[in-house]
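Below is the file protein15.cif, which contains mmCIF, C-alpha atoms.
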data_protein
loop_
_atom_site.group_PDB
_atom_site.id
_atom_site.type_symbol
_atom_site.label_atom_id
_atom_site.label_comp_id
_atom_site.auth_asym_id
_atom_site.auth_seq_id
_atom_site.Cartn_x
_atom_site.Cartn_y
_atom_site.Cartn_z
ATOM 1 C CA MET B 19 13.948 9.605 -0.800
ATOM 2 C CA ASN B 20 11.216 12.130 -0.108
ATOM 3 C CA LEU B 21 7.678 11.632 -1.434
ATOM 4 C CA GLU B 22 8.252 13.662 -4.606
ATOM 5 C CA GLN B 23 11.313 11.580 -5.450
ATOM 6 C CA GLN B 24 9.401 8.366 -4.735
ATOM 7 C CA VAL B 25 6.549 9.435 -7.022
ATOM 8 C CA ALA B 26 9.005 10.418 -9.767
ATOM 9 C CA ALA B 27 10.770 7.038 -9.468
ATOM 10 C CA LEU B 28 7.443 5.204 -9.686
ATOM 11 C CA ILE B 29 6.420 7.125 -12.815
ATOM 12 C CA ASP B 30 9.857 6.747 -14.412
ATOM 13 C CA GLY B 31 9.812 3.014 -13.693
ATOM 14 C CA ALA B 32 6.628 2.437 -15.689
ATOM 15 C CA PRO B 33 7.272 0.287 -18.779
ATOM 16 C CA ASP B 34 5.794 2.581 -21.432
ATOM 17 C CA ASP B 35 4.299 6.027 -22.069
ATOM 18 C CA ALA B 36 0.702 4.935 -21.483
ATOM 19 C CA SER B 37 1.647 3.363 -18.154
ATOM 20 C CA ARG B 38 3.624 6.458 -17.132
ATOM 21 C CA LYS B 39 0.598 8.612 -17.895
ATOM 22 C CA SER B 40 -1.674 6.339 -15.856
ATOM 23 C CA VAL B 41 0.705 6.299 -12.893
ATOM 24 C CA ALA B 42 1.061 10.090 -13.091
ATOM 25 C CA GLU B 43 -2.735 10.439 -12.906
ATOM 26 C CA ILE B 44 -2.993 8.444 -9.685
ATOM 27 C CA ALA B 45 0.235 9.804 -8.165
ATOM 28 C CA PRO B 46 -1.498 12.644 -6.241
ATOM 29 C CA ILE B 47 -3.658 10.094 -4.410
ATOM 30 C CA LEU B 48 -0.675 7.885 -3.576
ATOM 31 C CA ARG B 49 1.231 10.923 -2.294
ATOM 32 C CA GLN B 50 -1.761 12.153 -0.275
ATOM 33 C CA LEU B 51 -2.225 8.763 1.361
ATOM 34 C CA ALA B 52 1.520 8.444 2.003
ATOM 35 C CA GLU B 53 1.400 11.773 3.846
ATOM 36 C CA THR B 54 -0.946 10.220 6.433
ATOM 37 C CA LEU B 55 1.753 7.728 7.413
ATOM 38 C CA PRO B 56 4.738 8.653 9.586
ATOM 39 C CA GLN B 57 7.477 6.816 7.639
ATOM 40 C CA MET B 58 9.018 7.325 4.198
ATOM 41 C CA THR B 59 9.953 3.635 4.023
ATOM 42 C CA TYR B 60 8.731 0.456 5.681
ATOM 43 C CA TYR B 61 10.088 -3.046 6.083
ATOM 44 C CA ILE B 62 8.122 -5.825 4.405
ATOM 45 C CA CYS B 63 8.678 -9.532 4.980
ATOM 46 C CA GLN B 64 9.877 -11.555 2.029
ATOM 47 C CA SER B 65 10.047 -15.329 1.636
ATOM 48 C CA PRO B 66 13.317 -17.082 0.717
ATOM 49 C CA GLN B 67 11.894 -17.293 -2.841
ATOM 50 C CA GLY B 68 11.654 -13.498 -3.012
ATOM 51 C CA GLU B 69 7.869 -13.225 -2.640
ATOM 52 C CA TRP B 70 6.258 -10.848 -0.184
ATOM 53 C CA VAL B 71 4.757 -12.613 2.821
ATOM 54 C CA VAL B 72 0.971 -12.273 2.637
ATOM 55 C CA THR B 73 -1.069 -13.280 5.687
ATOM 56 C CA THR B 74 -4.652 -14.498 5.326
ATOM 57 C CA LEU B 75 -6.900 -13.539 8.228
ATOM 58 C CA GLN B 76 -10.277 -15.147 8.878
ATOM 59 C CA HIS B 77 -13.245 -13.654 10.704
ATOM 60 C CA GLN B 78 -13.780 -15.484 14.019
ATOM 61 C CA GLN B 79 -17.563 -15.892 13.653
ATOM 62 C CA ASN B 80 -17.573 -16.464 9.906
ATOM 63 C CA PRO B 81 -14.462 -18.307 8.647
ATOM 64 C CA LYS B 82 -15.614 -17.802 5.047
ATOM 65 C CA LEU B 83 -14.777 -14.105 5.414
ATOM 66 C CA GLU B 84 -11.081 -13.725 4.699
ATOM 67 C CA ILE B 85 -8.733 -10.856 3.984
ATOM 68 C CA SER B 86 -5.160 -10.921 2.745
ATOM 69 C CA VAL B 87 -2.772 -8.485 4.390
ATOM 70 C CA ILE B 88 0.849 -7.460 4.317
ATOM 71 C CA TYR B 89 2.396 -6.134 7.496
ATOM 72 C CA ALA B 90 4.652 -3.097 7.149
ATOM 73 C CA PHE B 91 7.137 -2.405 9.943
ATOM 74 C CA THR B 92 8.965 0.787 10.849
ATOM 75 C CA LYS B 93 12.084 -1.056 12.044
ATOM 76 C CA VAL B 94 13.659 -4.273 10.826
ATOM 77 C CA GLU B 95 13.909 -5.431 14.464
ATOM 78 C CA ASP B 96 10.102 -5.309 14.789
ATOM 79 C CA VAL B 97 9.762 -8.229 12.374
ATOM 80 C CA SER B 98 11.236 -10.720 14.840
ATOM 81 C CA GLU B 99 9.128 -9.305 17.702
ATOM 82 C CA PHE B 100 5.816 -9.399 15.856
ATOM 83 C CA ASN B 101 3.246 -12.079 16.694
ATOM 84 C CA GLY B 102 5.559 -14.112 18.899
ATOM 85 C CA GLY B 103 8.265 -14.273 16.250
ATOM 86 C CA ALA B 104 6.010 -15.828 13.579
ATOM 87 C CA LEU B 105 7.824 -13.878 10.854
ATOM 88 C CA ALA B 106 11.327 -14.155 12.347
ATOM 89 C CA ASN B 107 12.532 -16.461 9.548
ATOM 90 C CA SER B 108 11.505 -13.971 6.875
ATOM 91 C CA LEU B 109 13.855 -11.580 5.174
ATOM 92 C CA ALA B 110 12.854 -7.961 5.787
ATOM 93 C CA ILE B 111 13.298 -5.612 2.838
ATOM 94 C CA GLU B 112 12.926 -1.848 2.874
ATOM 95 C CA VAL B 113 10.278 -0.463 0.503
ATOM 96 C CA PRO B 114 9.434 3.215 -0.181
ATOM 97 C CA ILE B 115 5.913 4.098 0.989
ATOM 98 C CA VAL B 116 4.664 5.265 -2.433
ATOM 99 C CA GLN B 117 5.799 2.018 -4.054
ATOM 100 C CA LEU B 118 4.156 0.028 -1.265
ATOM 101 C CA LEU B 119 0.825 1.795 -1.775
ATOM 102 C CA PHE B 120 1.081 1.247 -5.531
ATOM 103 C CA TYR B 121 1.595 -2.493 -4.923
ATOM 104 C CA LEU B 122 -1.620 -2.545 -2.884
ATOM 105 C CA LEU B 123 -3.378 -1.308 -5.988
ATOM 106 C CA ALA B 124 -1.462 -3.519 -8.413
ATOM 107 C CA PHE B 125 -1.815 -6.898 -6.670
ATOM 108 C CA SER B 126 -5.452 -7.977 -6.755
ATOM 109 C CA GLU B 127 -4.889 -10.784 -4.237
ATOM 110 C CA LEU B 128 -3.951 -8.218 -1.577
ATOM 111 C CA ASP B 129 -6.791 -6.629 0.427
ATOM 112 C CA ARG B 130 -4.874 -4.290 2.736
ATOM 113 C CA ILE B 131 -1.617 -3.250 4.277
ATOM 114 C CA VAL B 132 -1.296 -2.932 8.038
ATOM 115 C CA PHE B 133 1.296 -0.327 8.996
ATOM 116 C CA LEU B 134 2.745 -1.111 12.419
ATOM 117 C CA ASN B 135 4.000 2.359 13.315
ATOM 118 C CA ASP B 136 4.564 1.824 17.051
ATOM 119 C CA SER B 137 7.373 -0.574 17.933
ATOM 120 C CA GLN B 138 6.132 -0.601 21.521
ATOM 121 C CA ASN B 139 2.686 -1.862 20.480
ATOM 122 C CA LEU B 140 2.822 -4.204 17.501
ATOM 123 C CA ASP B 141 -0.755 -5.344 18.182
ATOM 124 C CA ARG B 142 -2.175 -2.107 16.757
ATOM 125 C CA GLY B 143 -1.648 -0.768 13.293
ATOM 126 C CA GLN B 144 -2.959 1.677 10.753
ATOM 127 C CA GLU B 145 -4.747 -0.122 7.939
ATOM 128 C CA VAL B 146 -4.992 1.013 4.346
ATOM 129 C CA SER B 147 -7.383 -1.075 2.298
ATOM 130 C CA ARG B 148 -7.496 -1.614 -1.439
ATOM 131 C CA ASP B 149 -11.151 -0.490 -1.397
ATOM 132 C CA GLU B 150 -10.189 2.788 0.290
ATOM 133 C CA LEU B 151 -7.406 3.396 -2.225
ATOM 134 C CA GLU B 152 -9.561 2.494 -5.238
ATOM 135 C CA ALA B 153 -12.387 4.769 -4.011
ATOM 136 C CA ALA B 154 -9.974 7.691 -3.615
ATOM 137 C CA ILE B 155 -8.588 7.108 -7.103
ATOM 138 C CA SER B 156 -12.063 6.823 -8.649
ATOM 139 C CA LYS B 157 -13.065 10.071 -7.009
ATOM 140 C CA GLN B 158 -9.892 11.779 -8.269
ATOM 141 C CA LEU B 159 -10.386 10.553 -11.830
ATOM 142 C CA GLN B 160 -14.062 11.536 -12.107
ATOM 143 C CA PRO B 161 -14.598 14.726 -14.083
ATOM 144 C CA VAL B 162 -15.603 17.787 -12.095
ATOM 145 C CA PRO B 163 -19.316 18.569 -12.670
ATOM 146 C CA GLY B 164 -19.653 21.344 -15.209
ATOM 147 C CA SER B 165 -16.199 20.738 -16.665
ATOM 148 C CA GLU B 166 -17.422 18.438 -19.427
ATOM 149 C CA LEU B 167 -17.389 19.769 -22.938
ATOM 150 C CA PRO B 168 -20.829 20.358 -24.418
ATOM 151 C CA PRO B 169 -21.826 17.755 -27.052
ATOM 152 C CA ASP B 170 -22.168 20.430 -29.747
ATOM 153 C CA ILE B 171 -18.707 21.944 -29.265
ATOM 154 C CA CYS B 172 -17.801 21.408 -32.911
#
Please rewrite the model in this file as structure tokens.
Amino acid sequence: MNLEQQVAALIDGAPDDASRKSVAEIAPILRQLAETLPQMTYYICQSPQGEWVVTTLQHQQNPKLEISVIYAFTKVEDVSEFNGGALANSLAIEVPIVQLLFYLLAFSELDRIVFLNDSQNLDRGQEVSRDELEAAISKQLQPVPGSELPPDIC
């Protein structure tokens, strides 16, 4: 599926008209962010219970600082190679990039997704944070200055 098809599927999959409208409003941001990534789909690790594998990382100097991440792989084979095989027992499922970015927004317990785009170097990834995504959406949804209707329009 190309990005337009992924966006259309995300909008069509919303449970009601209000949700479809909301998803349609943020769709340009999801598409724009997806365009910065090299893949149309990524592999995400899933537990035997069907839950996505979320990794909690702690800051070395301050263990109270934690972030929750999901790793996204370009190839299913990369899952078993990553981090000395720590995720080798996980099931890897393929997820469209637009849906993956939407999940980052939808799941409040998730702080970021790390996209591991280079199979030769799984120690470096491209991060997309929830804060970055929320800021882009807030900026998109703010009215353009001067476009507001005057209070005495009626």
Might you spell out which residues the PyMOL selection byres ((chain B and resi 124-131) around 8) would select in the displayed file, as an MDAnalysis selection string? chainID B and resid 72 85:90 120:123 132:133 145:149
Contacts of range 152-162 of chain B at 8 Å (all atoms listed in the file; same-chain gap of 6+ positions) as a ChimeraX atom specification: /B:43-44,47,123
Env of Gln24 in chain B: 8 Å cut, atoms = only C-alpha atoms, seq-sep filter 3 positions within chain, self excluded. Answer as a list in words. Met19, Asn20, Leu21, Ala27, Leu28, Pro114, Ile115, Val116 and Gln117 of chain B
If you apply the PyMOL selection byres ((chain B and resi 109) around 9) to this file, what residues do you get, as a PyMOL selection string? chain B and resi 62-66+68+97+105-108+110-111
Could you tell me how far CA of Val71 in chain B sits from CA of Leu55 in chain B, in Å to one decimal place? 21.1 Å
Can you pull range 95-115 of chain B out of that block with N, CA, C and O atoms and hand it back as a compact mmCIF listing (two decimals), in the first residue's frame?
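Saved as decode.txt:
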# COMPACT_ATOMS: atom_id res chain seq x y z
N GLU B 95 14.11 -10.48 9.52
CA GLU B 95 15.35 -11.12 9.99
C GLU B 95 16.11 -10.24 11.00
O GLU B 95 16.86 -10.75 11.83
N ASP B 96 15.91 -8.93 10.93
CA ASP B 96 16.61 -8.01 11.83
C ASP B 96 16.18 -8.20 13.29
O ASP B 96 16.94 -7.91 14.20
N VAL B 97 14.99 -8.70 13.50
CA VAL B 97 14.47 -8.89 14.86
C VAL B 97 15.37 -9.84 15.64
O VAL B 97 15.74 -9.56 16.78
N SER B 98 15.75 -10.94 15.04
CA SER B 98 16.58 -11.92 15.75
C SER B 98 18.02 -11.44 15.93
O SER B 98 18.72 -11.90 16.82
N GLU B 99 18.46 -10.50 15.10
CA GLU B 99 19.83 -9.97 15.19
C GLU B 99 19.94 -8.83 16.21
O GLU B 99 21.02 -8.57 16.72
N PHE B 100 18.85 -8.18 16.48
CA PHE B 100 18.87 -6.98 17.32
C PHE B 100 19.22 -7.29 18.76
O PHE B 100 18.70 -8.22 19.36
N ASN B 101 20.12 -6.49 19.33
CA ASN B 101 20.43 -6.52 20.76
C ASN B 101 20.78 -7.93 21.24
O ASN B 101 20.27 -8.39 22.27
N GLY B 102 21.62 -8.60 20.48
CA GLY B 102 22.06 -9.93 20.87
C GLY B 102 20.96 -10.97 20.88
O GLY B 102 21.03 -11.95 21.60
N GLY B 103 19.92 -10.76 20.11
CA GLY B 103 18.83 -11.72 20.03
C GLY B 103 17.80 -11.58 21.14
O GLY B 103 16.99 -12.48 21.35
N ALA B 104 17.79 -10.44 21.83
CA ALA B 104 16.87 -10.24 22.96
C ALA B 104 15.40 -10.36 22.56
O ALA B 104 14.56 -10.73 23.37
N LEU B 105 15.09 -10.07 21.31
CA LEU B 105 13.70 -10.13 20.84
C LEU B 105 13.43 -11.34 19.96
O LEU B 105 12.37 -11.45 19.35
N ALA B 106 14.38 -12.27 19.90
CA ALA B 106 14.28 -13.41 18.99
C ALA B 106 13.05 -14.27 19.23
O ALA B 106 12.53 -14.89 18.30
N ASN B 107 12.54 -14.31 20.44
CA ASN B 107 11.36 -15.13 20.75
C ASN B 107 10.04 -14.42 20.45
O ASN B 107 8.97 -14.97 20.65
N SER B 108 10.14 -13.19 19.98
CA SER B 108 8.94 -12.42 19.66
C SER B 108 8.47 -12.74 18.25
O SER B 108 9.25 -13.11 17.39
N LEU B 109 7.19 -12.58 18.04
CA LEU B 109 6.61 -12.70 16.72
C LEU B 109 6.71 -11.33 16.06
O LEU B 109 6.37 -10.32 16.67
N ALA B 110 7.21 -11.29 14.83
CA ALA B 110 7.32 -10.01 14.12
C ALA B 110 6.12 -9.88 13.18
O ALA B 110 5.86 -10.77 12.37
N ILE B 111 5.41 -8.78 13.31
CA ILE B 111 4.26 -8.52 12.43
C ILE B 111 4.55 -7.28 11.59
O ILE B 111 5.20 -6.35 12.04
N GLU B 112 4.05 -7.29 10.37
CA GLU B 112 4.25 -6.16 9.47
C GLU B 112 3.13 -5.14 9.68
O GLU B 112 1.95 -5.50 9.72
N VAL B 113 3.53 -3.87 9.84
CA VAL B 113 2.56 -2.79 10.11
C VAL B 113 2.83 -1.64 9.14
O VAL B 113 3.97 -1.20 9.00
N PRO B 114 1.80 -1.13 8.47
CA PRO B 114 1.97 0.04 7.60
C PRO B 114 2.46 1.25 8.40
O PRO B 114 2.05 1.45 9.56
N ILE B 115 3.32 2.06 7.80
CA ILE B 115 3.95 3.17 8.51
C ILE B 115 2.94 4.19 9.05
O ILE B 115 3.07 4.67 10.17
